[in-house]
$ cat model.txt   # compact mmCIF, C-alpha atoms
# COMPACT_ATOMS: atom_id res chain seq x y z
CA MET A 23 0.00 0.00 0.00
CA ALA A 24 1.25 3.47 -0.89
CA ASN A 25 2.65 5.84 1.70
CA THR A 26 1.85 9.50 1.45
CA VAL A 27 2.71 12.88 2.93
CA LEU A 28 0.63 16.02 2.48
CA HIS A 29 2.07 19.53 2.60
CA LYS A 30 -0.71 22.11 2.36
CA ALA A 31 0.38 25.38 0.78
CA ALA A 32 -0.21 27.41 3.93
CA THR A 33 2.06 25.16 6.00
CA ARG A 34 5.18 26.01 4.00
CA GLY A 35 7.94 28.10 5.47
CA HIS A 36 7.74 31.72 4.40
CA ALA A 37 10.29 34.51 4.19
CA ASN A 38 9.59 37.97 2.81
CA HIS A 39 12.72 40.04 2.37
CA GLY A 40 11.01 42.78 0.38
CA TRP A 41 12.74 42.06 -2.93
CA LEU A 42 12.25 38.32 -2.42
CA ASP A 43 9.07 36.63 -1.25
CA SER A 44 9.78 32.93 -0.85
CA TYR A 45 7.77 29.92 0.22
CA HIS A 46 9.76 26.85 1.26
CA SER A 47 8.22 23.39 1.03
CA PHE A 48 11.28 22.02 2.84
CA SER A 49 13.61 23.46 5.45
CA PHE A 50 15.69 26.27 3.98
CA ALA A 51 17.59 29.30 5.28
CA ASN A 52 15.85 30.41 8.47
CA TYR A 53 12.98 27.97 8.05
CA TYR A 54 13.84 24.80 9.91
CA ASN A 55 11.28 22.07 10.47
CA PRO A 56 12.71 18.64 11.32
CA GLU A 57 9.59 17.06 9.79
CA ARG A 58 10.23 18.84 6.50
CA ILE A 59 13.83 18.23 5.54
CA HIS A 60 13.41 16.39 2.28
CA PHE A 61 11.35 13.96 0.22
CA GLY A 62 13.81 11.33 -0.91
CA ALA A 63 16.38 13.04 -3.10
CA LEU A 64 14.21 16.17 -3.35
CA ARG A 65 15.81 18.54 -0.84
CA VAL A 66 14.58 22.02 -1.78
CA LEU A 67 11.37 23.28 -3.38
CA ASN A 68 11.21 27.05 -3.18
CA ASP A 69 8.38 29.09 -4.70
CA ASP A 70 10.04 32.44 -5.25
CA THR A 71 8.82 35.88 -6.32
CA VAL A 72 11.55 38.40 -7.06
CA SER A 73 10.87 42.10 -7.51
CA ALA A 74 11.66 43.95 -10.73
CA ALA A 75 15.40 44.43 -11.33
CA LYS A 76 16.35 42.56 -8.14
CA GLY A 77 17.87 39.16 -7.56
CA PHE A 78 20.34 36.83 -5.90
CA GLY A 79 23.92 38.04 -6.00
CA LYS A 80 26.86 35.74 -6.66
CA HIS A 81 26.71 32.70 -4.38
CA PRO A 82 28.15 29.17 -4.39
CA HIS A 83 26.77 25.69 -4.75
CA ASP A 84 28.39 22.31 -4.81
CA ASN A 85 27.24 18.72 -5.08
CA MET A 86 23.65 19.57 -5.86
CA GLU A 87 21.46 19.44 -8.95
CA ILE A 88 19.66 22.74 -9.24
CA ILE A 89 16.59 23.17 -11.43
CA SER A 90 14.88 26.49 -12.12
CA ILE A 91 11.45 26.79 -13.74
CA PRO A 92 10.15 30.36 -14.33
CA LEU A 93 6.38 30.59 -14.01
CA GLN A 94 6.07 34.29 -14.81
CA GLY A 95 8.67 36.67 -16.16
CA ASP A 96 12.30 35.97 -16.96
CA LEU A 97 15.39 35.18 -14.90
CA GLN A 98 18.91 36.17 -15.90
CA HIS A 99 21.52 33.63 -14.96
CA GLU A 100 25.31 34.11 -14.89
CA ASP A 101 27.78 31.57 -13.56
CA SER A 102 31.47 30.92 -12.99
CA MET A 103 31.53 28.54 -15.97
CA GLY A 104 30.94 31.57 -18.18
CA ASN A 105 27.29 30.87 -18.95
CA VAL A 106 25.09 33.93 -19.33
CA ALA A 107 21.49 33.22 -20.19
CA VAL A 108 17.94 34.42 -19.75
CA ILE A 109 15.62 31.70 -18.55
CA LYS A 110 12.19 32.64 -19.85
CA ASN A 111 8.73 31.62 -18.73
CA GLY A 112 8.32 28.30 -20.56
CA ASP A 113 11.96 27.26 -20.11
CA ILE A 114 13.57 24.86 -17.71
CA GLN A 115 17.18 25.17 -16.53
CA ALA A 116 19.29 22.47 -14.89
CA MET A 117 22.68 23.03 -13.33
CA SER A 118 24.95 20.35 -11.87
CA ALA A 119 27.00 22.15 -9.20
CA GLY A 120 29.42 19.23 -8.81
CA THR A 121 32.86 20.32 -7.60
CA GLY A 122 31.56 23.85 -7.11
CA ILE A 123 30.25 26.84 -8.98
CA PHE A 124 29.22 30.39 -8.26
CA HIS A 125 26.19 31.91 -9.93
CA SER A 126 23.75 34.81 -9.75
CA GLU A 127 20.09 35.01 -10.67
CA PHE A 128 18.39 38.30 -11.44
CA ASN A 129 15.01 39.50 -12.55
CA LYS A 130 15.92 41.05 -15.85
CA ASN A 131 12.66 42.95 -16.19
CA LYS A 132 12.57 46.49 -14.79
CA ASN A 133 8.78 46.57 -14.60
CA GLU A 134 7.61 43.09 -13.72
CA GLN A 135 8.10 40.48 -11.00
CA VAL A 136 9.54 37.10 -11.80
CA LYS A 137 7.98 34.03 -10.22
CA PHE A 138 9.92 30.81 -10.37
CA LEU A 139 10.43 27.46 -8.76
CA GLN A 140 13.88 26.58 -7.52
CA ILE A 141 14.27 22.86 -6.98
CA TRP A 142 17.33 21.08 -5.58
CA ILE A 143 17.95 17.37 -5.94
CA PHE A 144 20.73 15.37 -4.28
CA PRO A 145 22.83 13.91 -7.12
CA ASN A 146 23.78 10.25 -7.38
CA LYS A 147 27.41 11.08 -7.98
CA LYS A 148 29.68 13.44 -6.07
CA ASN A 149 32.18 15.92 -7.40
CA VAL A 150 31.07 15.83 -11.04
CA GLU A 151 32.24 18.42 -13.51
CA PRO A 152 29.88 21.41 -13.17
CA ARG A 153 27.51 21.76 -16.10
CA TYR A 154 24.56 23.84 -17.25
CA SER A 155 21.69 23.25 -19.62
CA GLN A 156 18.49 25.04 -20.59
CA VAL A 157 15.57 24.05 -22.79
CA THR A 158 12.47 25.85 -24.06
CA LEU A 159 9.45 23.62 -23.54
CA ASN A 160 6.55 23.29 -25.96
CA VAL A 161 3.48 24.16 -23.88
CA ASP A 162 1.19 22.25 -26.28
CA ASP A 163 2.91 19.02 -25.28
CA ARG A 164 1.41 19.20 -21.79
CA HIS A 165 -2.20 19.93 -22.66
CA ASN A 166 -4.26 17.12 -21.18
CA LYS A 167 -1.20 14.92 -20.82
CA LEU A 168 2.04 14.69 -18.87
CA GLN A 169 5.08 16.19 -20.56
CA GLU A 170 8.43 14.84 -19.43
CA ILE A 171 10.76 17.83 -18.87
CA LEU A 172 13.68 16.26 -16.98
CA SER A 173 15.28 12.84 -16.74
CA PRO A 174 18.66 11.16 -16.10
CA ASN A 175 19.21 10.86 -19.86
CA GLU A 176 20.15 13.40 -22.46
CA LYS A 177 17.14 13.76 -24.76
CA ASP A 178 15.74 16.39 -27.06
CA GLY A 179 13.20 18.71 -25.52
CA GLU A 180 14.19 18.19 -21.89
CA VAL A 181 17.05 18.67 -19.45
CA TRP A 182 18.99 15.95 -17.63
CA ILE A 183 20.59 15.68 -14.22
CA HIS A 184 22.89 13.35 -12.29
CA GLN A 185 20.10 11.46 -10.56
CA ASP A 186 17.47 8.81 -11.35
CA ALA A 187 14.78 11.49 -11.33
CA TRP A 188 12.05 12.38 -13.78
CA PHE A 189 9.97 15.58 -13.80
CA SER A 190 6.71 16.05 -15.72
CA LEU A 191 4.37 18.96 -16.25
CA GLY A 192 0.69 18.77 -17.14
CA LYS A 193 -2.08 21.28 -17.80
CA PHE A 194 -5.55 19.80 -17.87
CA ASP A 195 -9.13 20.54 -18.73
CA LYS A 196 -11.58 20.02 -15.90
CA ASP A 197 -12.43 16.39 -15.09
CA LEU A 198 -9.64 14.97 -17.22
CA SER A 199 -7.80 12.02 -15.67
CA VAL A 200 -4.37 10.56 -16.36
CA GLU A 201 -2.15 7.97 -14.76
CA TYR A 202 1.55 8.31 -14.00
CA ASP A 203 3.69 5.17 -14.02
CA VAL A 204 6.65 5.32 -11.66
CA LYS A 205 9.71 4.82 -13.80
CA LYS A 206 12.10 3.28 -11.33
CA LYS A 207 11.40 0.89 -8.49
CA GLY A 208 12.09 2.54 -5.17
CA ASN A 209 11.25 6.02 -6.41
CA GLY A 210 8.53 8.22 -4.99
CA VAL A 211 6.65 11.08 -6.61
CA TYR A 212 6.15 14.56 -5.18
CA ALA A 213 3.28 16.39 -6.86
CA PHE A 214 3.22 20.19 -6.62
CA VAL A 215 0.07 21.96 -7.79
CA LEU A 216 0.94 25.01 -9.84
CA ASN A 217 -2.62 26.08 -10.50
CA GLY A 218 -6.15 24.91 -9.75
CA ASP A 219 -7.40 21.78 -8.04
CA PHE A 220 -6.60 18.10 -8.37
CA SER A 221 -7.37 14.74 -6.87
CA ILE A 222 -4.25 12.61 -6.73
CA ASP A 223 -4.82 9.05 -5.54
CA GLY A 224 -7.96 10.33 -3.88
CA GLN A 225 -6.29 13.23 -2.06
CA GLN A 226 -7.84 16.63 -2.80
CA LEU A 227 -5.20 19.21 -3.59
CA ASN A 228 -5.38 22.96 -4.20
CA ASN A 229 -3.06 25.64 -5.51
CA ARG A 230 0.56 25.21 -4.29
CA ASP A 231 -0.20 22.10 -2.21
CA GLY A 232 2.48 19.42 -2.22
CA PHE A 233 1.77 15.70 -2.01
CA GLY A 234 4.37 12.96 -1.81
CA ILE A 235 3.58 9.34 -2.62
CA TRP A 236 5.89 6.34 -2.42
CA ASP A 237 5.76 2.54 -2.32
CA THR A 238 3.53 2.53 -5.37
CA ASP A 239 3.89 1.80 -9.07
CA LYS A 240 1.18 4.06 -10.41
CA ILE A 241 -0.49 7.34 -9.47
CA SER A 242 -3.92 8.53 -10.62
CA ILE A 243 -4.38 12.22 -11.29
CA LYS A 244 -7.66 14.03 -11.94
CA ALA A 245 -8.09 17.73 -12.65
CA ASN A 246 -10.93 19.25 -10.66
CA SER A 247 -10.75 22.67 -12.27
CA GLN A 248 -10.18 24.10 -15.71
CA ASP A 249 -6.53 24.69 -16.71
CA ALA A 250 -5.30 22.90 -13.63
CA GLU A 251 -1.50 22.52 -13.71
CA VAL A 252 0.73 20.15 -11.83
CA LEU A 253 4.46 19.40 -11.59
CA LEU A 254 5.37 15.79 -10.81
CA MET A 255 8.86 15.10 -9.44
CA GLU A 256 9.83 11.44 -9.31
CA VAL A 257 12.93 10.89 -7.17
CA PRO A 258 14.75 8.06 -5.39
CA MET A 259 13.48 7.61 -1.85
CA ASN A 260 16.53 5.73 -0.63
CA VAL A 261 19.12 8.45 0.01
CA MET B 19 29.61 32.43 25.74
CA LYS B 20 31.41 29.39 24.36
CA LYS B 21 31.08 29.22 20.61
CA ILE B 22 30.29 26.10 18.63
CA GLN B 23 33.50 25.09 16.88
CA ILE B 24 33.07 23.95 13.31
CA LEU B 25 35.77 22.44 11.09
CA VAL B 26 35.10 22.99 7.39
CA ILE B 27 36.96 20.91 4.80
CA CYS B 28 36.42 21.88 1.18
CA ASN B 29 38.63 21.67 -1.87
CA HIS B 30 37.15 24.72 -3.60
CA GLU B 31 39.00 27.62 -2.03
CA GLU B 32 36.46 30.31 -2.85
CA ILE B 33 33.54 28.27 -1.54
CA LEU B 34 35.56 27.42 1.56
CA GLN B 35 36.12 31.11 2.30
CA THR B 36 32.42 31.86 1.72
CA ILE B 37 31.37 29.14 4.15
CA ILE B 38 33.83 30.32 6.79
CA ARG B 39 32.55 33.87 6.46
CA LEU B 40 28.91 32.82 6.68
CA ILE B 41 29.50 30.63 9.70
CA ASN B 42 31.46 33.35 11.48
CA ASN B 43 28.61 35.81 10.81
CA ASN B 44 26.70 33.80 13.40
CA GLU B 45 27.89 34.94 16.82
CA LYS B 46 27.31 31.47 18.26
CA TRP B 47 29.58 29.70 15.76
CA ASN B 48 33.26 29.76 14.89
CA ALA B 49 34.66 28.19 11.72
CA THR B 50 38.11 26.86 11.00
CA GLY B 51 38.65 25.77 7.45
CA THR B 52 41.10 24.03 5.21
CA ALA B 53 41.24 22.60 1.72
CA ASP B 54 43.93 20.12 2.72
CA VAL B 55 42.99 16.72 4.17
CA GLU B 56 46.21 16.28 6.18
CA LYS B 57 45.86 19.78 7.57
CA ALA B 58 42.31 18.94 8.55
CA ILE B 59 43.52 15.91 10.49
CA GLU B 60 46.17 18.00 12.19
CA LEU B 61 43.61 20.64 13.16
CA PHE B 62 41.27 17.98 14.50
CA HIS B 63 44.05 16.58 16.70
CA GLN B 64 44.94 20.04 18.01
CA HIS B 65 41.51 21.46 18.71
CA LYS B 66 38.14 20.32 20.01
CA PHE B 67 35.44 20.62 17.36
CA ASP B 68 31.70 20.20 17.74
CA LEU B 69 30.94 19.61 14.09
CA VAL B 70 32.74 18.81 10.84
CA LEU B 71 31.40 19.97 7.46
CA LEU B 72 32.64 18.06 4.42
CA GLY B 73 32.39 19.96 1.18
CA SER B 74 33.14 19.68 -2.49
CA GLY B 75 36.16 18.01 -3.97
CA ILE B 76 36.79 15.55 -1.12
CA ASN B 77 37.05 12.16 -2.82
CA ASP B 78 35.56 9.03 -1.30
CA ARG B 79 38.92 7.68 -0.13
CA ASP B 80 39.80 10.89 1.71
CA GLU B 81 36.30 11.20 3.12
CA ASN B 82 36.42 7.66 4.51
CA LYS B 83 39.84 8.39 5.99
CA LEU B 84 38.63 11.59 7.64
CA ARG B 85 35.52 9.92 9.04
CA ARG B 86 37.56 7.02 10.40
CA ILE B 87 40.18 9.22 12.07
CA PHE B 88 37.70 11.73 13.44
CA THR B 89 35.28 9.21 14.89
CA HIS B 90 38.14 7.22 16.39
CA GLN B 91 39.36 10.30 18.20
CA ASP B 92 35.89 11.57 19.07
CA PRO B 93 33.10 9.01 18.69
CA GLU B 94 30.54 11.76 19.38
CA ILE B 95 31.71 14.05 16.61
CA LYS B 96 29.05 14.98 14.08
CA ILE B 97 30.20 14.92 10.46
CA ILE B 98 27.89 16.22 7.75
CA GLN B 99 27.98 16.95 4.07
CA HIS B 100 27.29 20.51 3.06
CA PHE B 101 26.30 21.88 -0.31
CA GLY B 102 27.90 25.26 -0.71
CA GLY B 103 27.92 28.11 1.72
CA GLY B 104 25.54 30.54 0.08
CA SER B 105 23.11 27.77 -0.52
CA GLY B 106 20.52 28.55 2.11
CA LEU B 107 21.05 25.09 3.49
CA LEU B 108 24.09 25.90 5.59
CA SER B 109 22.22 27.08 8.68
CA ASN B 110 19.77 24.21 8.38
CA GLU B 111 22.55 21.68 8.10
CA ILE B 112 24.36 23.02 11.14
CA GLU B 113 21.27 23.53 13.30
CA ALA B 114 19.95 20.07 12.48
CA ALA B 115 23.26 18.40 13.22
CA LEU B 116 23.69 20.24 16.50
CA SER B 117 20.15 19.55 17.62
CA ASP B 118 20.68 15.86 16.93
CA ASN B 119 17.32 15.72 15.22
CA GLU B 120 16.40 12.99 12.80
CA GLY B 121 14.44 15.14 10.42
CA GLY B 122 11.68 13.54 8.39
CA ASN B 123 12.76 10.15 7.16
CA PHE B 124 16.37 11.14 6.81
CA ASN B 125 19.04 11.75 9.40
CA VAL B 126 20.82 14.87 8.22
CA ILE B 127 24.03 13.50 9.72
CA ASP B 128 23.97 10.66 7.22
CA ASP B 129 25.76 10.99 3.93
CA PRO B 130 23.18 11.20 1.10
CA PHE B 131 25.72 9.71 -1.26
CA LYS B 132 26.20 6.58 0.86
CA LYS B 133 24.53 3.51 -0.70

$ encode --input "model.txt" --output "structure tokens"
Amino acid sequence: MANTVLHKAATRGHANHGWLDSYHSFSFANYYNPERIHFGALRVLNDDTVSAAKGFGKHPHDNMEIISIPLQGDLQHEDSMGNVAVIKNGDIQAMSAGTGIFHSEFNKNKNEQVKFLQIWIFPNKKNVEPRYSQVTLNVDDRHNKLQEILSPNEKDGEVWIHQDAWFSLGKFDKDLSVEYDVKKKGNGVYAFVLNGDFSIDGQQLNNRDGFGIWDTDKISIKANSQDAEVLLMEVPMNV
Amino acid sequence: MKKIQILVICNHEEILQTIIRLINNNEKWNATGTADVEKAIELFHQHKFDLVLLGSGINDRDENKLRRIFTHQDPEIKIIQHFGGGSGLLSNEIEAALSDNEGGNFNVIDDPFKK
């Protein structure tokens, strides 16, 4: 029988620094909850809003896979590998910090906020060569179906990371149902509702709720509102 | 007030300096850092530490050696992996290790890379 954990949106950690308004699904910075450290290899899920022309100055990472998904607006990225890029709404970026990198992330727009998800996954290999990749996703590929956007393998149309993890996005008409097959035995799935309402394996979920399921092979997903959107993150549970 | 003494070992010099600075910004903590494994062992022999942070660039052989030597000398020593000083996880990692909490279904003191 499947095991589950529910993280309602309002129970997330919250920090408002003025230029940054951030909700933490797992312990981060000054938010520490021993019951919310990680979900398998998923260590950080931050729901960030950054004010116009503001951002994160140069800071380091190592031995972490870092994924950024803008939901509104654009994010300018610069790193110590020499990459300079704008990650637009509709893109996904993956960075393997490996032996160590420094990077900055700024809201390029002078008039508009940027909203994005920052997701950190423990890698399955330490001290890899740092790397960066970015892909523009086709939004039509997730209408009423699940679009794979990240995996352990290099494929067209998605990013890859050093971990047996798969991410999918879906945007559904009301009452549409799909099933998600877990791709690797021993993995769990953390569903994060980006918009609207869902039932996932019978659990009612609303905007920005998180729901983790493990010890199962298959997950049933039903949209309870029009244009409901969900991000599924399948990750190893045994870390 | 006695400060918590933290030994940081990290092969990336710039990240090491960032972590030391961030730790020392907390008035309750004091960081000593090195990129050199032998120097780390020497420091551990000379001083009493409450916590060891292992960072990037430490290969498995050196990590196993450090863990073996440190736990032999101080079986109570807490040794944790960290993920870059500006990461937002640093305070969490330290607080969790010092509070001896087993957070969620994962003990933060464990090595997430250990199979």

$ atom_distance --input "model.txt" --atom1 "atom CA of Thr33 of chain A" --atom2 "atom CA of Ile241 of chain A"
23.7 Å

$ residues_around --input "model.txt" --residues "segment 48-54 of chain B" --least-positions-apart "6" --cutoff "8 Å" --atoms "all atoms listed in the file" --output "ChimeraX atom specification"
/B:21-31,34-35,38,41-42

$ closest_residue --input "model.txt" --among "B:Ile33, B:Leu84, B:Ala115, B:Leu107" --to "Ala58 of chain B" --atoms "only C-alpha atoms"
B:Leu84

$ interface_residues --input "model.txt" --of "chain A" --to "chain B" --cutoff "6 Å" --atoms "all atoms listed in the file" --output "list in words"
Phe50, Ala51, Pro56, Glu57, Arg58, Ile59, His81, Pro82, His83, Asp84, Asn85, Thr121, Asn149 and Val261 of chain A

$ atom_distance --input "model.txt" --atom1 "atom CA of Ala187 of chain A" --atom2 "atom CA of Leu64 of chain A"
9.3 Å

$ atom_distance --input "model.txt" --atom1 "atom CA of Arg164 of chain A" --atom2 "atom CA of Ser44 of chain A"
26.4 Å

$ residues_around --input "model.txt" --residues "Leu253 of chain A" --least-positions-apart "2" --cutoff "7 Å" --atoms "all atoms listed in the file" --output "list in words"
Ser190, Leu191, Gly192, Ala213, Phe214, Val215, Leu216 and Met255 of chain A

$ axis_aligned_box --input "model.txt" --around "segment 183-197 of chain A" --padding-each-side "8 Å" --output "AutoDock Vina command-line options"
--center_x 5.2 --center_y 15.0 --center_z -14.6 --size_x 51.3 --size_y 28.5 --size_z 24.2

$ closest_residue --input "model.txt" --among "A:Asn217, A:Lys207, A:Leu42, A:Leu254" --to "Ser173 of chain A" --atoms "all atoms listed in the file"
A:Leu254

$ decode --input "model.txt" --residues "segment 125-138 of chain A" --atoms "N, CA and C atoms" --output "PDB file, in the first residue's frame"
ATOM      1  N   HIS A 125      27.103  31.338  -8.936  1.00  0.00           N
ATOM      2  CA  HIS A 125      26.195  31.906  -9.927  1.00  0.00           C
ATOM      3  C   HIS A 125      25.329  33.003  -9.314  1.00  0.00           C
ATOM      4  N   SER A 126      24.702  33.787 -10.189  1.00  0.00           N
ATOM      5  CA  SER A 126      23.754  34.807  -9.746  1.00  0.00           C
ATOM      6  C   SER A 126      22.486  34.651 -10.569  1.00  0.00           C
ATOM      7  N   GLU A 127      21.390  35.105  -9.996  1.00  0.00           N
ATOM      8  CA  GLU A 127      20.086  35.007 -10.672  1.00  0.00           C
ATOM      9  C   GLU A 127      19.356  36.334 -10.461  1.00  0.00           C
ATOM     10  N   PHE A 128      19.024  36.991 -11.548  1.00  0.00           N
ATOM     11  CA  PHE A 128      18.391  38.304 -11.443  1.00  0.00           C
ATOM     12  C   PHE A 128      17.129  38.380 -12.271  1.00  0.00           C
ATOM     13  N   ASN A 129      16.193  39.167 -11.776  1.00  0.00           N
ATOM     14  CA  ASN A 129      15.005  39.497 -12.548  1.00  0.00           C
ATOM     15  C   ASN A 129      15.413  40.564 -13.555  1.00  0.00           C
ATOM     16  N   LYS A 130      15.441  40.160 -14.795  1.00  0.00           N
ATOM     17  CA  LYS A 130      15.925  41.047 -15.848  1.00  0.00           C
ATOM     18  C   LYS A 130      14.966  42.203 -16.123  1.00  0.00           C
ATOM     19  N   ASN A 131      13.685  41.978 -15.818  1.00  0.00           N
ATOM     20  CA  ASN A 131      12.659  42.947 -16.188  1.00  0.00           C
ATOM     21  C   ASN A 131      12.612  44.096 -15.177  1.00  0.00           C
ATOM     22  N   LYS A 132      12.586  45.322 -15.683  1.00  0.00           N
ATOM     23  CA  LYS A 132      12.566  46.493 -14.787  1.00  0.00           C
ATOM     24  C   LYS A 132      11.163  46.830 -14.312  1.00  0.00           C
ATOM     25  N   ASN A 133      10.156  46.172 -14.900  1.00  0.00           N
ATOM     26  CA  ASN A 133       8.780  46.565 -14.599  1.00  0.00           C
ATOM     27  C   ASN A 133       7.915  45.436 -14.067  1.00  0.00           C
ATOM     28  N   GLU A 134       8.462  44.238 -14.016  1.00  0.00           N
ATOM     29  CA  GLU A 134       7.610  43.091 -13.716  1.00  0.00           C
ATOM     30  C   GLU A 134       8.322  42.148 -12.749  1.00  0.00           C
ATOM     31  N   GLN A 135       7.545  41.517 -11.872  1.00  0.00           N
ATOM     32  CA  GLN A 135       8.103  40.484 -11.001  1.00  0.00           C
ATOM     33  C   GLN A 135       8.481  39.253 -11.829  1.00  0.00           C
ATOM     34  N   VAL A 136       9.345  38.442 -11.261  1.00  0.00           N
ATOM     35  CA  VAL A 136       9.536  37.095 -11.799  1.00  0.00           C
ATOM     36  C   VAL A 136       9.135  36.097 -10.721  1.00  0.00           C
ATOM     37  N   LYS A 137       8.355  35.122 -11.135  1.00  0.00           N
ATOM     38  CA  LYS A 137       7.985  34.034 -10.218  1.00  0.00           C
ATOM     39  C   LYS A 137       8.632  32.769 -10.768  1.00  0.00           C
ATOM     40  N   PHE A 138       9.315  32.043  -9.892  1.00  0.00           N
ATOM     41  CA  PHE A 138       9.921  30.805 -10.372  1.00  0.00           C
ATOM     42  C   PHE A 138      10.049  29.780  -9.255  1.00  0.00           C
TER      43      PHE A 138
END
